$ cat coords.txt   # compact mmCIF, C-alpha atoms
# COMPACT_ATOMS: atom_id res chain seq x y z
CA MET A 118 159.41 76.38 -26.69
CA THR A 119 156.42 74.21 -27.53
CA ASN A 120 157.48 71.70 -30.15
CA VAL A 121 154.46 71.59 -32.44
CA SER A 122 154.30 71.67 -36.22
CA PRO A 123 151.73 73.79 -38.10
CA GLY A 124 150.08 70.57 -39.27
CA ALA A 125 149.52 69.30 -35.73
CA PRO A 126 146.04 68.48 -34.37
CA LEU A 127 144.00 71.41 -33.15
CA ARG A 128 144.29 70.32 -29.51
CA LEU A 129 148.09 70.83 -29.70
CA LEU A 130 147.90 74.29 -31.20
CA THR A 131 147.51 77.28 -28.90
CA TRP A 132 147.77 81.04 -29.19
CA GLN A 133 150.89 80.75 -27.03
CA TYR A 134 152.40 78.51 -29.69
CA PHE A 135 151.52 81.09 -32.32
CA GLY A 136 153.32 83.74 -30.27
CA GLU A 137 156.36 81.57 -29.67
CA GLU A 138 156.69 80.81 -33.38
CA LEU A 139 156.27 84.47 -34.22
CA ARG A 140 159.02 85.49 -31.82
CA ARG A 141 161.34 82.71 -33.04
CA LEU A 142 160.94 83.56 -36.71
CA ARG A 143 161.13 87.31 -36.10
CA GLU A 144 164.40 86.96 -34.23
CA ALA A 145 165.74 84.56 -36.87
CA ALA A 146 165.01 87.24 -39.47
CA GLY A 147 166.94 89.78 -37.41
CA LEU A 148 163.90 92.00 -36.87
CA THR A 149 162.87 93.89 -33.77
CA GLN A 150 159.21 94.04 -32.79
CA ALA A 151 159.13 97.60 -34.13
CA ASP A 152 160.67 96.48 -37.44
CA LEU A 153 158.07 93.75 -37.92
CA ALA A 154 155.26 96.05 -36.83
CA GLU A 155 156.19 98.50 -39.59
CA LEU A 156 156.18 95.73 -42.18
CA VAL A 157 152.70 94.45 -41.25
CA PHE A 158 151.09 97.82 -40.47
CA VAL A 159 150.38 97.35 -36.78
CA SER A 160 151.96 98.84 -33.68
CA ALA A 161 154.99 97.36 -31.88
CA SER A 162 152.82 96.78 -28.81
CA TYR A 163 150.55 94.58 -30.95
CA ILE A 164 153.51 92.42 -31.96
CA ALA A 165 154.54 92.15 -28.29
CA GLN A 166 151.02 91.06 -27.32
CA PHE A 167 150.85 88.53 -30.17
CA GLU A 168 154.14 87.01 -29.05
CA ALA A 169 152.94 86.84 -25.44
CA GLY A 170 149.73 85.08 -26.51
CA ARG A 171 147.69 87.89 -24.99
CA ARG A 172 146.07 89.09 -28.18
CA LYS A 173 144.90 87.23 -31.26
CA PRO A 174 145.77 88.52 -34.74
CA MET A 175 143.16 88.85 -37.44
CA GLU A 176 143.45 86.88 -40.67
CA ASP A 177 144.77 89.77 -42.73
CA VAL A 178 147.49 90.45 -40.15
CA ALA A 179 148.47 86.76 -40.16
CA LYS A 180 148.82 86.88 -43.93
CA ARG A 181 151.04 89.95 -43.71
CA LEU A 182 153.16 88.22 -41.05
CA ASP A 183 153.59 85.30 -43.44
CA GLN A 184 154.68 87.65 -46.20
CA ALA A 185 157.08 89.61 -43.99
CA LEU A 186 158.71 86.49 -42.51
CA LYS A 187 158.44 84.37 -45.67
CA THR A 188 156.67 81.49 -43.91
CA ASN A 189 154.68 80.23 -46.90
CA GLY A 190 151.34 80.67 -45.11
CA THR A 191 152.26 79.07 -41.77
CA PHE A 192 150.66 81.70 -39.53
CA TRP A 193 147.50 81.87 -41.60
CA ARG A 194 147.12 78.07 -41.39
CA ILE A 195 147.64 78.08 -37.63
CA ILE A 196 144.92 80.70 -37.25
CA GLN A 197 142.56 78.70 -39.45
CA LYS A 198 142.97 75.73 -37.13
CA LEU A 199 142.56 77.79 -33.98
CA ILE A 200 139.50 79.74 -35.03
CA LYS A 201 137.53 76.56 -35.76
CA ASP A 202 137.08 76.21 -32.00
CA GLN A 203 136.15 79.84 -31.39
CA GLY A 204 132.44 79.70 -32.13
CA PRO A 205 130.17 80.22 -35.15
CA PHE A 206 131.02 83.84 -35.93
CA PRO A 207 133.05 84.83 -39.01
CA PRO A 208 136.82 84.67 -38.52
CA PHE A 209 137.37 88.39 -39.10
CA ALA A 210 135.11 89.18 -36.12
CA LEU A 211 136.75 86.80 -33.64
CA PRO A 212 139.19 89.41 -32.24
CA PHE A 213 136.13 91.44 -31.20
CA PHE A 214 134.73 88.63 -29.06
CA GLU A 215 138.13 87.85 -27.62
CA MET A 216 138.64 91.48 -26.61
CA GLU A 217 135.09 91.69 -25.26
CA ARG A 218 135.84 88.77 -22.93
CA GLU A 219 139.15 90.25 -21.76
CA ALA A 220 138.19 93.93 -21.48
CA VAL A 221 137.30 95.67 -18.24
CA ALA A 222 135.23 98.32 -20.04
CA VAL A 223 133.73 98.97 -23.46
CA ASN A 224 132.46 102.20 -24.97
CA ALA A 225 130.38 101.53 -28.06
CA PHE A 226 128.39 103.42 -30.67
CA GLU A 227 125.64 101.77 -32.73
CA ALA A 228 123.71 103.51 -35.46
CA THR A 229 120.91 101.26 -36.72
CA ARG A 230 120.49 98.33 -34.35
CA VAL A 231 120.84 97.31 -30.73
CA PRO A 232 124.38 96.15 -29.86
CA GLY A 233 124.73 92.37 -29.97
CA ILE A 234 125.54 91.94 -26.28
CA LEU A 235 122.23 93.64 -25.39
CA GLN A 236 120.03 91.80 -27.90
CA THR A 237 117.17 89.52 -26.87
CA ARG A 238 116.89 86.09 -28.39
CA ARG A 239 114.01 87.02 -30.72
CA TYR A 240 115.71 90.24 -31.83
CA ALA A 241 118.93 88.35 -32.60
CA ASP A 242 116.95 85.71 -34.46
CA ALA A 243 115.42 88.37 -36.70
CA ILE A 244 118.84 89.95 -37.37
CA PHE A 245 120.47 86.68 -38.36
CA ARG A 246 117.56 85.51 -40.51
CA ALA A 247 117.45 88.83 -42.34
CA SER A 248 121.12 88.34 -43.25
CA ARG A 249 120.41 84.78 -44.45
CA PRO A 250 117.13 85.04 -46.38
CA PHE A 251 117.47 81.63 -48.05
CA ALA A 252 118.32 79.66 -44.90
CA PRO A 253 115.75 77.04 -43.83
CA ALA A 254 113.68 77.74 -40.73
CA ASP A 255 115.51 75.06 -38.74
CA ASP A 256 119.02 76.04 -39.88
CA PRO A 257 121.34 74.80 -37.06
CA GLU A 258 123.95 77.45 -37.89
CA ILE A 259 121.50 80.25 -37.16
CA GLU A 260 120.52 78.60 -33.90
CA GLU A 261 124.20 78.37 -32.95
CA LEU A 262 124.73 82.05 -33.79
CA ILE A 263 121.72 83.09 -31.69
CA LYS A 264 122.86 81.00 -28.74
CA ALA A 265 126.39 82.44 -28.89
CA ARG A 266 125.07 86.01 -29.09
CA VAL A 267 122.66 85.65 -26.18
CA GLN A 268 125.32 84.02 -24.01
CA ARG A 269 127.47 87.14 -24.28
CA ALA A 270 125.10 88.87 -21.85
CA ALA A 271 126.73 86.87 -19.05
CA LEU A 272 129.74 89.20 -19.34
CA LEU A 273 127.61 91.97 -17.82
CA THR A 274 127.09 90.18 -14.49
CA GLY A 275 129.30 88.95 -11.68
CA PRO A 276 132.14 90.43 -9.63
CA LYS A 277 134.21 91.20 -12.74
CA ALA A 278 131.34 92.35 -14.92
CA LEU A 279 132.20 94.22 -18.08
CA GLN A 280 131.52 97.95 -17.74
CA LEU A 281 129.45 98.76 -20.81
CA TRP A 282 128.59 102.29 -21.94
CA VAL A 283 126.65 102.50 -25.19
CA VAL A 284 125.47 105.36 -27.36
CA ILE A 285 122.64 104.16 -29.62
CA HIS A 286 121.18 106.27 -32.40
CA GLU A 287 117.43 106.77 -32.05
CA THR A 288 117.00 105.00 -35.38
CA ALA A 289 117.62 101.67 -33.67
CA LEU A 290 114.76 102.30 -31.23
CA HIS A 291 112.23 102.76 -34.03
CA THR A 292 113.29 100.07 -36.51
CA PRO A 293 110.81 97.19 -36.05
CA VAL A 294 113.34 94.36 -36.21
CA GLY A 295 111.28 91.19 -36.05
CA GLY A 296 108.07 93.22 -35.85
CA PRO A 297 106.49 95.50 -33.20
CA ASP A 298 106.25 92.83 -30.49
CA VAL A 299 109.89 91.83 -30.82
CA LEU A 300 110.96 95.46 -30.80
CA ARG A 301 108.93 96.23 -27.66
CA GLU A 302 110.44 93.21 -25.93
CA GLN A 303 113.90 94.41 -26.94
CA LEU A 304 113.26 97.92 -25.65
CA ARG A 305 112.00 96.54 -22.33
CA HIS A 306 115.20 94.53 -22.10
CA LEU A 307 117.29 97.66 -22.70
CA ALA A 308 115.42 99.46 -19.94
CA ASP A 309 115.94 96.51 -17.61
CA CYS A 310 119.69 96.45 -18.38
CA VAL A 311 119.89 100.11 -17.36
CA LEU A 312 117.80 99.67 -14.21
CA THR A 313 119.87 96.66 -13.07
CA LYS A 314 123.13 98.53 -13.74
CA LYS A 315 124.29 96.15 -16.46
CA ALA A 316 124.87 98.99 -18.89
CA VAL A 317 124.73 102.74 -19.28
CA ILE A 318 122.79 103.70 -22.38
CA GLN A 319 122.51 107.07 -24.05
CA VAL A 320 120.28 107.70 -27.05
CA LEU A 321 121.58 109.92 -29.83
CA PRO A 322 118.33 111.63 -30.93
CA PHE A 323 117.30 112.45 -34.48
CA THR A 324 117.62 116.11 -33.50
CA ALA A 325 121.38 115.68 -33.00
CA GLY A 326 121.63 116.04 -36.77
CA ALA A 327 124.75 115.35 -38.79
CA ILE A 328 126.86 113.78 -36.07
CA GLY A 329 124.69 110.68 -36.18
CA ALA A 330 125.30 110.30 -39.89
CA SER A 331 129.02 111.10 -39.86
CA VAL A 332 130.27 108.26 -37.64
CA ASN A 333 130.22 104.53 -38.34
CA PRO A 334 129.61 102.08 -35.48
CA PHE A 335 132.72 101.38 -33.41
CA SER A 336 133.84 100.04 -30.05
CA LEU A 337 136.61 101.12 -27.70
CA PHE A 338 138.00 98.37 -25.48
CA ARG A 339 139.86 99.16 -22.26
CA PHE A 340 141.99 96.54 -20.51
CA GLU A 341 143.74 96.25 -17.17
CA ASP A 342 147.30 95.96 -18.41
CA THR A 343 147.35 96.42 -22.20
CA PRO A 344 146.63 99.46 -24.39
CA SER A 345 143.07 100.38 -25.28
CA VAL A 346 141.89 99.26 -28.72
CA LEU A 347 139.63 100.84 -31.32
CA TYR A 348 137.59 98.27 -33.24
CA THR A 349 135.34 98.74 -36.22
CA GLU A 350 134.17 96.44 -39.00
CA ALA A 351 132.54 96.32 -42.41
CA LEU A 352 130.68 93.58 -44.25
CA SER A 353 133.56 91.10 -44.39
CA ASN A 354 136.55 92.60 -42.61
CA SER A 355 137.50 94.41 -39.44
CA ILE A 356 140.07 96.87 -38.14
CA ALA A 357 141.64 96.93 -34.69
CA ARG A 358 144.03 99.77 -33.81
CA ASP A 359 145.89 100.53 -30.60
CA GLU A 360 148.17 103.40 -31.65
CA PRO A 361 147.80 106.05 -28.90
CA GLU A 362 146.97 108.87 -31.30
CA THR A 363 144.31 106.80 -33.09
CA VAL A 364 142.67 105.61 -29.86
CA GLU A 365 142.81 109.10 -28.35
CA TYR A 366 141.05 110.53 -31.41
CA ALA A 367 138.38 107.81 -31.16
CA PHE A 368 137.76 108.67 -27.51
CA GLU A 369 137.38 112.33 -28.54
CA VAL A 370 134.79 111.33 -31.14
CA TYR A 371 133.01 109.24 -28.54
CA ALA A 372 132.99 112.16 -26.13
CA GLY A 373 131.32 114.21 -28.85
CA LEU A 374 128.66 111.55 -29.34
CA ARG A 375 127.98 111.41 -25.62
CA SER A 376 127.68 115.20 -25.46
CA ALA A 377 125.18 115.22 -28.33
CA ALA A 378 123.18 112.32 -26.88
CA LEU A 379 120.41 112.49 -24.33
CA SER A 380 121.47 112.00 -20.72
CA PRO A 381 121.26 108.41 -19.40
CA GLU A 382 118.19 109.39 -17.36
CA THR A 383 116.36 111.01 -20.30
CA SER A 384 117.40 108.13 -22.54
CA LEU A 385 115.81 105.66 -20.15
CA GLU A 386 112.63 107.71 -20.13
CA LEU A 387 112.53 107.67 -23.94
CA ILE A 388 113.17 103.92 -24.15
CA SER A 389 110.51 103.21 -21.53
CA SER A 390 107.97 105.43 -23.27
CA LEU A 391 108.45 103.57 -26.54
CA THR A 392 107.64 100.27 -24.86
CA GLN A 393 104.25 101.68 -23.88
CA GLY A 394 103.33 103.54 -27.04
CA THR A 395 102.01 102.48 -30.39
CA HIS A 396 104.78 103.97 -32.50
CA ALA A 397 106.20 100.60 -33.53
CA ASP A 398 102.78 99.34 -34.60
CA ALA A 399 102.04 102.48 -36.58
CA HIS A 400 105.41 102.37 -38.30
CA ALA A 401 104.91 98.71 -39.20
CA LYS A 402 101.55 99.54 -40.79
CA GLN A 403 103.18 102.31 -42.83
CA LEU A 404 105.74 99.82 -44.15
CA GLY A 405 103.02 97.30 -44.90

$ encode --input "coords.txt" --output "structure tokens"
Amino acid sequence: MTNVSPGAPLRLLTWQYFGEELRRLREAAGLTQADLAELVFVSASYIAQFEAGRRKPMEDVAKRLDQALKTNGTFWRIIQKLIKDQGPFPPFALPFFEMEREAVAVNAFEATRVPGILQTRRYADAIFRASRPFAPADDPEIEELIKARVQRAALLTGPKALQLWVVIHETALHTPVGGPDVLREQLRHLADCVLTKKAVIQVLPFTAGAIGASVNPFSLFRFEDTPSVLYTEALSNSIARDEPETVEYAFEVYAGLRSAALSPETSLELISSLTQGTHADAHAKQLG
């Protein structure tokens, strides 16, 4: 086992070390993976993947591990050291980006904005600045966030490209994030992603009714050799679940969204038509 203390430099700490320590302390406590899973409210397969270093626990799970194994905050401190090198995004969202990099396919639903992996630079800039209204124009943190978001698009190319299927509510296509020009550029980018086979996009139209208002945004990650995961998040926390019954239900909900959405072909026609029309300009004038 790697001989590293929780206070060691970041370069000596790894997710494998986290897993090794978790296994060592679990066995010392006389707990099976299923026993520990019950105590921290995750599945036994999650514990197995944590111990193998194949999946990264979220902060709240690390805290519950500390409580269950009476480690006085050891696991939470290890995670704090590790996540410092994981990019500019908030710690609770890091498991999302880790799973996005490791997944073979993602099925996602977005209600009010374009999914991050499909955002243009200017669209992402507008999103981040809207969430930080008092940040200076040259805020380096915002620039780092934009760069990290745009770079995610690379996952959609290459021999092992991520298979992305997205259902987007029509609301996102009409909300002038960054203004009409930025929105048109973003819509052209969506159309290009479809035409170049980087993603399959279906639009959930306003006419679909209540189903669009009854489901919060979520993502379903599928992997080669580990269970699929349901991921959803709120303002400052996130939830990742891999229990078969939970994931199966989420796939059923997603199937319902796809059935209610326009076909990929009709969705592309709608997106393309909005890049040519004046709807965004007219809507902006109404708001102004």

$ atom_distance --input "coords.txt" --atom1 "CA of Asp298 in chain A" --atom2 "CA of Arg238 in chain A"
12.8 Å

$ closest_residue --input "coords.txt" --among "A:Leu385, A:Leu290, A:Val311, A:Ala222" --to "Leu272 in chain A" --atoms "only C-alpha atoms"
A:Ala222

$ closest_residue --input "coords.txt" --among "A:Gln133, A:Leu387, A:Phe213, A:Glu350" --to "Pro322 in chain A" --atoms "all atoms listed in the file"
A:Leu387

$ atom_distance --input "coords.txt" --atom1 "CA of Val283 in chain A" --atom2 "CA of Ser160 in chain A"
26.9 Å

$ residues_around --input "coords.txt" --residues "Phe192 in chain A" --least-positions-apart "6" --cutoff "8 Å" --atoms "only C-alpha atoms" --output "JSON, numbers by chain"
{"A": [135, 179, 180, 182, 183]}

$ write_last_selection --input "coords.txt" --atoms "C-alpha atoms" --output "mmCIF file, in the frame of the given file"
data_model
loop_
_atom_site.group_PDB
_atom_site.id
_atom_site.type_symbol
_atom_site.label_atom_id
_atom_site.label_comp_id
_atom_site.auth_asym_id
_atom_site.auth_seq_id
_atom_site.Cartn_x
_atom_site.Cartn_y
_atom_site.Cartn_z
ATOM 1 C CA PHE A 135 151.520 81.090 -32.320
ATOM 2 C CA ALA A 179 148.470 86.760 -40.160
ATOM 3 C CA LYS A 180 148.820 86.880 -43.930
ATOM 4 C CA LEU A 182 153.160 88.220 -41.050
ATOM 5 C CA ASP A 183 153.590 85.300 -43.440
#

$ closest_residue --input "coords.txt" --among "A:Val320, A:Leu139, A:Ala265, A:Met216" --to "Ala169 in chain A" --atoms "only C-alpha atoms"
A:Leu139

$ closest_residue --input "coords.txt" --among "A:Asn224, A:Glu176, A:Thr343, A:Thr229" --to "Gln280 in chain A" --atoms "all atoms listed in the file"
A:Asn224

$ closest_residue --input "coords.txt" --among "A:Ile196, A:Ser162, A:Ala228, A:Val178" --to "Tyr134 in chain A" --atoms "all atoms listed in the file"
A:Ile196

$ atom_distance --input "coords.txt" --atom1 "CA of Phe368 in chain A" --atom2 "CA of Glu227 in chain A"
14.9 Å

$ residues_around --input "coords.txt" --residues "Thr363 in chain A" --least-positions-apart "4" --cutoff "12 Å" --atoms "only C-alpha atoms" --output "PyMOL selection string"
chain A and resi 159-160+337+344-348+356-359+367-370

$ residues_near_point --input "coords.txt" --point "(112.0, 78.6, -37.2)" --cutoff "12 Å" --atoms "only C-alpha atoms" --output "list in words"
Arg239, Asp242, Ala243, Phe245, Arg246, Ala252, Pro253, Ala254, Asp255, Asp256, Pro257, Ile259 and Glu260 of chain A

$ write_last_selection --input "coords.txt" --atoms "C-alpha atoms" --output "JSON list (two decimals), keeping the file's coordinate frame"
[["chain", "number", "residue", "atom", "x", "y", "z"],
["A", 239, "ARG", "CA", 114.01, 87.02, -30.72],
["A", 242, "ASP", "CA", 116.95, 85.71, -34.46],
["A", 243, "ALA", "CA", 115.42, 88.37, -36.70],
["A", 245, "PHE", "CA", 120.47, 86.68, -38.36],
["A", 246, "ARG", "CA", 117.56, 85.51, -40.51],
["A", 252, "ALA", "CA", 118.32, 79.66, -44.90],
["A", 253, "PRO", "CA", 115.75, 77.04, -43.83],
["A", 254, "ALA", "CA", 113.68, 77.74, -40.73],
["A", 255, "ASP", "CA", 115.51, 75.06, -38.74],
["A", 256, "ASP", "CA", 119.02, 76.04, -39.88],
["A", 257, "PRO", "CA", 121.34, 74.80, -37.06],
["A", 259, "ILE", "CA", 121.50, 80.25, -37.16],
["A", 260, "GLU", "CA", 120.52, 78.60, -33.90]]

$ residues_around --input "coords.txt" --residues "Glu215 in chain A" --least-positions-apart "2" --cutoff "10 Å" --atoms "all atoms listed in the file" --output "PyMOL selection string"
chain A and resi 171-173+203+210-213+217-220

$ closest_residue --input "coords.txt" --among "A:Ala372, A:Ile195, A:Leu300, A:Leu156" --to "Gln393 in chain A" --atoms "all atoms listed in the file"
A:Leu300

$ build_atoms --input "coords.txt" --residues "range 179-190 of chain A" --atoms "all heavy atoms" --output "PDB file, keeping the file's coordinate frame"
ATOM      1  N   ALA A 179     147.727  88.026 -40.052  1.00  0.00           N
ATOM      2  CA  ALA A 179     148.470  86.760 -40.160  1.00  0.00           C
ATOM      3  C   ALA A 179     149.065  86.603 -41.550  1.00  0.00           C
ATOM      4  O   ALA A 179     150.212  86.155 -41.700  1.00  0.00           O
ATOM      5  CB  ALA A 179     147.549  85.585 -39.836  1.00  0.00           C
ATOM      6  N   LYS A 180     148.307  86.974 -42.560  1.00  0.00           N
ATOM      7  CA  LYS A 180     148.820  86.880 -43.930  1.00  0.00           C
ATOM      8  C   LYS A 180     149.999  87.820 -44.135  1.00  0.00           C
ATOM      9  O   LYS A 180     150.986  87.466 -44.807  1.00  0.00           O
ATOM     10  CB  LYS A 180     147.703  87.201 -44.928  1.00  0.00           C
ATOM     11  CG  LYS A 180     146.627  86.132 -45.013  1.00  0.00           C
ATOM     12  CD  LYS A 180     145.537  86.535 -45.985  1.00  0.00           C
ATOM     13  CE  LYS A 180     144.452  85.466 -46.059  1.00  0.00           C
ATOM     14  NZ  LYS A 180     143.339  85.859 -46.979  1.00  0.00           N
ATOM     15  N   ARG A 181     149.916  89.013 -43.559  1.00  0.00           N
ATOM     16  CA  ARG A 181     151.040  89.950 -43.710  1.00  0.00           C
ATOM     17  C   ARG A 181     152.262  89.474 -42.939  1.00  0.00           C
ATOM     18  O   ARG A 181     153.400  89.688 -43.365  1.00  0.00           O
ATOM     19  CB  ARG A 181     150.613  91.354 -43.271  1.00  0.00           C
ATOM     20  CG  ARG A 181     149.561  91.987 -44.175  1.00  0.00           C
ATOM     21  CD  ARG A 181     149.496  93.490 -44.016  1.00  0.00           C
ATOM     22  NE  ARG A 181     149.065  93.906 -42.700  1.00  0.00           N
ATOM     23  CZ  ARG A 181     147.788  94.089 -42.344  1.00  0.00           C
ATOM     24  NH1 ARG A 181     146.824  93.854 -43.227  1.00  0.00           N
ATOM     25  NH2 ARG A 181     147.468  94.505 -41.137  1.00  0.00           N
ATOM     26  N   LEU A 182     152.041  88.811 -41.792  1.00  0.00           N
ATOM     27  CA  LEU A 182     153.160  88.220 -41.050  1.00  0.00           C
ATOM     28  C   LEU A 182     153.837  87.148 -41.896  1.00  0.00           C
ATOM     29  O   LEU A 182     155.073  87.048 -41.933  1.00  0.00           O
ATOM     30  CB  LEU A 182     152.667  87.625 -39.733  1.00  0.00           C
ATOM     31  CG  LEU A 182     152.264  88.620 -38.640  1.00  0.00           C
ATOM     32  CD1 LEU A 182     151.570  87.885 -37.496  1.00  0.00           C
ATOM     33  CD2 LEU A 182     153.468  89.395 -38.122  1.00  0.00           C
ATOM     34  N   ASP A 183     153.027  86.331 -42.558  1.00  0.00           N
ATOM     35  CA  ASP A 183     153.590  85.300 -43.440  1.00  0.00           C
ATOM     36  C   ASP A 183     154.431  85.913 -44.548  1.00  0.00           C
ATOM     37  O   ASP A 183     155.514  85.413 -44.874  1.00  0.00           O
ATOM     38  CB  ASP A 183     152.459  84.460 -44.048  1.00  0.00           C
ATOM     39  CG  ASP A 183     151.869  83.460 -43.062  1.00  0.00           C
ATOM     40  OD1 ASP A 183     152.640  82.917 -42.259  1.00  0.00           O
ATOM     41  OD2 ASP A 183     150.647  83.233 -43.110  1.00  0.00           O
ATOM     42  N   GLN A 184     153.937  86.989 -45.125  1.00  0.00           N
ATOM     43  CA  GLN A 184     154.680  87.650 -46.200  1.00  0.00           C
ATOM     44  C   GLN A 184     155.983  88.254 -45.686  1.00  0.00           C
ATOM     45  O   GLN A 184     157.039  88.094 -46.305  1.00  0.00           O
ATOM     46  CB  GLN A 184     153.809  88.736 -46.840  1.00  0.00           C
ATOM     47  CG  GLN A 184     152.603  88.189 -47.593  1.00  0.00           C
ATOM     48  CD  GLN A 184     151.657  89.287 -48.043  1.00  0.00           C
ATOM     49  OE1 GLN A 184     151.820  90.445 -47.685  1.00  0.00           O
ATOM     50  NE2 GLN A 184     150.658  88.920 -48.830  1.00  0.00           N
ATOM     51  N   ALA A 185     155.899  88.930 -44.533  1.00  0.00           N
ATOM     52  CA  ALA A 185     157.080  89.610 -43.990  1.00  0.00           C
ATOM     53  C   ALA A 185     158.159  88.620 -43.570  1.00  0.00           C
ATOM     54  O   ALA A 185     159.360  88.880 -43.743  1.00  0.00           O
ATOM     55  CB  ALA A 185     156.680  90.485 -42.810  1.00  0.00           C
ATOM     56  N   LEU A 186     157.746  87.468 -43.023  1.00  0.00           N
ATOM     57  CA  LEU A 186     158.710  86.490 -42.510  1.00  0.00           C
ATOM     58  C   LEU A 186     158.919  85.316 -43.452  1.00  0.00           C
ATOM     59  O   LEU A 186     159.638  84.369 -43.120  1.00  0.00           O
ATOM     60  CB  LEU A 186     158.242  85.986 -41.134  1.00  0.00           C
ATOM     61  CG  LEU A 186     158.170  87.066 -40.049  1.00  0.00           C
ATOM     62  CD1 LEU A 186     157.553  86.503 -38.769  1.00  0.00           C
ATOM     63  CD2 LEU A 186     159.550  87.636 -39.761  1.00  0.00           C
ATOM     64  N   LYS A 187     158.266  85.382 -44.629  1.00  0.00           N
ATOM     65  CA  LYS A 187     158.440  84.370 -45.670  1.00  0.00           C
ATOM     66  C   LYS A 187     158.191  82.955 -45.135  1.00  0.00           C
ATOM     67  O   LYS A 187     159.027  82.060 -45.254  1.00  0.00           O
ATOM     68  CB  LYS A 187     159.842  84.481 -46.295  1.00  0.00           C
ATOM     69  CG  LYS A 187     160.120  85.824 -46.961  1.00  0.00           C
ATOM     70  CD  LYS A 187     161.518  85.885 -47.523  1.00  0.00           C
ATOM     71  CE  LYS A 187     161.750  87.176 -48.304  1.00  0.00           C
ATOM     72  NZ  LYS A 187     161.526  88.394 -47.498  1.00  0.00           N
ATOM     73  N   THR A 188     157.002  82.778 -44.545  1.00  0.00           N
ATOM     74  CA  THR A 188     156.670  81.490 -43.910  1.00  0.00           C
ATOM     75  C   THR A 188     155.797  80.594 -44.771  1.00  0.00           C
ATOM     76  O   THR A 188     155.364  79.535 -44.315  1.00  0.00           O
ATOM     77  CB  THR A 188     155.946  81.740 -42.574  1.00  0.00           C
ATOM     78  OG1 THR A 188     154.709  82.407 -42.839  1.00  0.00           O
ATOM     79  CG2 THR A 188     156.801  82.568 -41.640  1.00  0.00           C
ATOM     80  N   ASN A 189     155.491  81.038 -45.989  1.00  0.00           N
ATOM     81  CA  ASN A 189     154.680  80.230 -46.900  1.00  0.00           C
ATOM     82  C   ASN A 189     153.308  79.873 -46.302  1.00  0.00           C
ATOM     83  O   ASN A 189     152.816  78.753 -46.423  1.00  0.00           O
ATOM     84  CB  ASN A 189     155.424  78.940 -47.285  1.00  0.00           C
ATOM     85  CG  ASN A 189     154.784  78.228 -48.469  1.00  0.00           C
ATOM     86  OD1 ASN A 189     154.195  78.874 -49.353  1.00  0.00           O
ATOM     87  ND2 ASN A 189     154.904  76.919 -48.523  1.00  0.00           N
ATOM     88  N   GLY A 190     152.709  80.841 -45.610  1.00  0.00           N
ATOM     89  CA  GLY A 190     151.340  80.670 -45.110  1.00  0.00           C
ATOM     90  C   GLY A 190     151.208  79.981 -43.774  1.00  0.00           C
ATOM     91  O   GLY A 190     150.104  79.627 -43.365  1.00  0.00           O
TER      92      GLY A 190
END
